[in-house]
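Participant: Supplied in structure tokens, the structure appears directly below.
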Amino acid sequence: MALLSRQPWLVATGLLVPLLTLASPGWLKLDAVPPAWSVLWLLPWALSEGRLAGAAAGLGLGLLLDGLHPGSVSLVPGLLLLGWWWGRMGRQAPLIQRSFSLGLLALVGTALLNVSLMLQWLFLSWRGVASLQGSVAALAGGAEALHQAGPQPALLAMPLWRWEDLSLVGVQILLAQTLLTALLAPMLCSLQLIFWRQVGAGWRGLSA
Amino acid sequence: MAPVRLPRVGVLLPLLRVWPWLLVLLALVAVRLSKGALLSDAYGLVSRPFWPGSAQQEWISAAQRLGDRARLEQLERENRRLRGLLDLPTVQGRRLQAAVISREPGGWWQQLLLGKGSLQGVGVGNAIVAPGGLIGLVASTTPTTSTVRLLSDPGSRVGVWVGRSRQQGLLSGIGTARPLLRFLEKDPDARPGDVIFTSPASTLVPPNLPVGVIQRIHADADPAPEALVQLSAPADAVDWVQVLLP
């Protein structure tokens, strides 16, 4: 019921996240990497509403944002876990409401979200290369000449993050996004936390 | 008293009488030795009011442009006909102007969002061209928007060739602003400064669109040499792009 009464606000503010992701201003980017708007929205919501609402919002948000990107890698697992985790933390509210802790939580959360993406890419790359090498070996039938024939165009043509790119560029993206999000979180998340608390208090007051 | 005649002056007299002609001769010799310097300078000075003005230059350059354009069209027609004879894919069809409404040149996904979609005829796989050359391919469409995967995105693979030596390679995004060109041969004839075009052998992209310039070559990369390519179209600055409709 609490969730239902806040639905207009939940939907309206939740829709802001994909909008901000699309219209992220150039001056609010670090090394051309925008902040993780999903983390900045999910953190206060999950802290104020608990783990179930947090996980549900993470799932919904992940599905929304996945629609904006081509490819099979998904934000859902990362956001789902973060929503659940922060929702559980909400119990120790007084400890967490300090801006410093919000920044720290956003930092860890963004890093985890990026690591979840990197792990997915690694898995996809590993599976793709393994299956391709299997089929090439089957085709070659153990002929050494085919193994020595130089680069396999099919392997080069696989549209994937390779490990060496991921370890260089991926880490750079992770660091930039984590830093930027953690810097913005104390400001934006504390305001949202107050807002969700007020909306919640208003509803509880009416019902009582 | 008889006047005293100086015999030496008498010898010089004819010379004195012709000295203007001597000067003229001297001047002519000077003109000859200086390869006509005075003459043509004088002609230039005198004829200056009648020199062709700027208007005439414009006519001529306009005529030159017209001639060039006609020649280009003729060559393109000829090229299309020859490619048709060889059953190779050609660049033909319409070009659709589309505004860039969202830009994500960095981060995990490097993409643009365009303000034209499937209702206007944009389809998945259409090539996107900006001033300077190819910037990416359409990855997905909605009725009124389409998402473009930039050449720098790690999911982007485009067949290209070196314009000078016709060595084939695969342009692979690696997440940075400069994609990597992976050659398909062990010993490619390529050097920094070579211009990269889309490969006529590729079925994904129209042939011979300019892509970029080779900046650095790693000759000892495994399994085949690689080159860093500076893209010629600035994907993070364009506001309008053209969709090449098949």
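Here, A, B, ... name the chains of the structure tokens in the order displayed, residue numbers run from 1 inside each chain, and ligands are numbered from 1 in the same displayed order.
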DSSP on the backbone: which residues in region 9-166 of chain A end up as helix (DSSP H, G or I)? Give the answer as a ChimeraX atom specification.
Facilitator: /A:9-22,26-28,37-49,51-66,76-96,99-140,144-147,153-156,163-166
Participant: For the contact check between chain A and chain B, emit one row per residue of chain A within 6 Å, containing the shortest atom pair and the distance in Å rounded to one decimal, counting only C-alpha atoms, chain then rising number order, as a Markdown table.
Facilitator:
| residue | atom | partner | partner_atom | distance |
| --- | --- | --- | --- | --- |
| A:Leu22 | CA | B:Ser102 | CA | 5.6 |
| A:Ala23 | CA | B:Ser102 | CA | 5.9 |
| A:Ala32 | CA | B:Gly106 | CA | 4.7 |
| A:Val33 | CA | B:Gly107 | CA | 4.8 |
| A:Pro151 | CA | B:Pro223 | CA | 5.4 |
| A:Pro159 | CA | B:Gly155 | CA | 4.3 |
| A:Leu160 | CA | B:Gly155 | CA | 5.3 |
| A:Trp161 | CA | B:Pro154 | CA | 5.5 |
| A:Asp165 | CA | B:Ile174 | CA | 5.9 |
| A:Ile173 | CA | B:Gly107 | CA | 5.8 |
Participant: Hey, what's within 8 Å of Val76 (chain A) if we count only C-alpha atoms and toss same-chain stuff fewer than 3 positions away? As a list in words, please?
Facilitator: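 Here the qualifying residues turn out to be Gly58, Leu59, Leu61, Gly62, Leu63, Asp66, Leu79 and Leu80 of chain A.
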Participant: Suppose you want the space between CA of Ser146 (chain B) and CA of Gly117 (chain B); what is it in Å?
Facilitator: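 Calculated distance between CA of Ser146 (chain B) and CA of Gly117 (chain B) is 5.1 Å.
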Participant: With only C-alpha atoms as the atoms that count, which of B:Ala63, B:Leu23, B:Leu150, B:Ile135 lies nearest to Pro70 (chain A)?
Facilitator: B:Leu150
Participant: Just give me the gap between CA of Glu49 (chain A) and CA of Trp9 (chain A) in Å, one decimal is fine.
Facilitator: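 Separating CA of Glu49 (chain A) from CA of Trp9 (chain A) is a distance of 13.3 Å.
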Participant: To one decimal in Å, tell me the separation between CA of Ser190 (chain A) and CA of Lys29 (chain A).
Facilitator: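 Distance reported for this atom pair: 21.2 Å.
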Participant: Restricting the calculation to only C-alpha atoms, which member of B:Leu45, B:Val160, B:Leu38, B:Leu137 is positioned closest to Leu114 (chain B)?
Facilitator: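 Smallest separation from Leu114 (chain B) among the options: B:Leu137.
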Participant: Go through B:Arg81, B:Arg191, B:Lys35, B:Arg48 and flag the residue nearest Ile217 (chain B), using only C-alpha atoms for the distances.
Facilitator: B:Arg191
Participant: Residues within 6 Å of Ile214 (chain B), please, as a JSON list (two decimals) with N, CA and C atoms, in the first residue's frame. Count only C-alpha atoms; anything in the same chain fewer than 3 positions from it doesn't count.
Facilitator:
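Everything below was put into around-v3.json:
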[["chain", "number", "residue", "atom", "x", "y", "z"],
["B", 192, "PRO", "N", 51.73, 4.99, -41.28],
["B", 192, "PRO", "CA", 50.97, 6.12, -40.71],
["B", 192, "PRO", "C", 50.69, 7.16, -41.77],
["B", 193, "GLY", "N", 49.45, 7.66, -41.77],
["B", 193, "GLY", "CA", 49.05, 8.64, -42.77],
["B", 193, "GLY", "C", 48.20, 8.05, -43.86],
["B", 194, "ASP", "N", 48.16, 6.73, -43.98],
["B", 194, "ASP", "CA", 47.31, 6.10, -44.98],
["B", 194, "ASP", "C", 45.83, 6.31, -44.63],
["B", 228, "LEU", "N", 46.41, 1.91, -34.99],
["B", 228, "LEU", "CA", 45.46, 2.82, -34.36],
["B", 228, "LEU", "C", 44.97, 3.78, -35.44],
["B", 229, "VAL", "N", 43.65, 3.98, -35.48],
["B", 229, "VAL", "CA", 43.07, 4.81, -36.53],
["B", 229, "VAL", "C", 42.40, 6.03, -35.92]]
Participant: Write out as JSON, numbers by chain all residues of region 45-144 of chain B that DSSP puts in strand (DSSP E) for this structure's backbone.
Facilitator: {"B": [95, 96, 97, 98, 99, 100, 101, 102, 103, 104, 111, 112, 113, 114, 127, 128, 129, 130, 133, 134, 135, 136, 137, 138, 139, 140, 141]}
Participant: Which residues are near Gly83 (chain A)? Cut-off 7 Å, only C-alpha atoms, ignore same chain within fewer than 6 positions. Put them as a list in words.
Facilitator: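 These residues fall inside the cut-off: Leu42, Ala46, Arg51, Gly54, Ala55 and Gly58 of chain A.
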Participant: May I ask which of the residues A:Trp84, A:Trp196, A:Trp163, A:Trp45 is the closest one to Leu119 (chain A), counting only C-alpha atoms?
Facilitator: A:Trp163
Participant: Given only C-alpha atoms as the basis, pick out the residue of A:Gly26, A:Gly134, A:Pro35, A:Pro77 nearest to Gly60 (chain A).
Facilitator: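 Closest to Gly60 (chain A), using only C-alpha atoms: A:Pro77.
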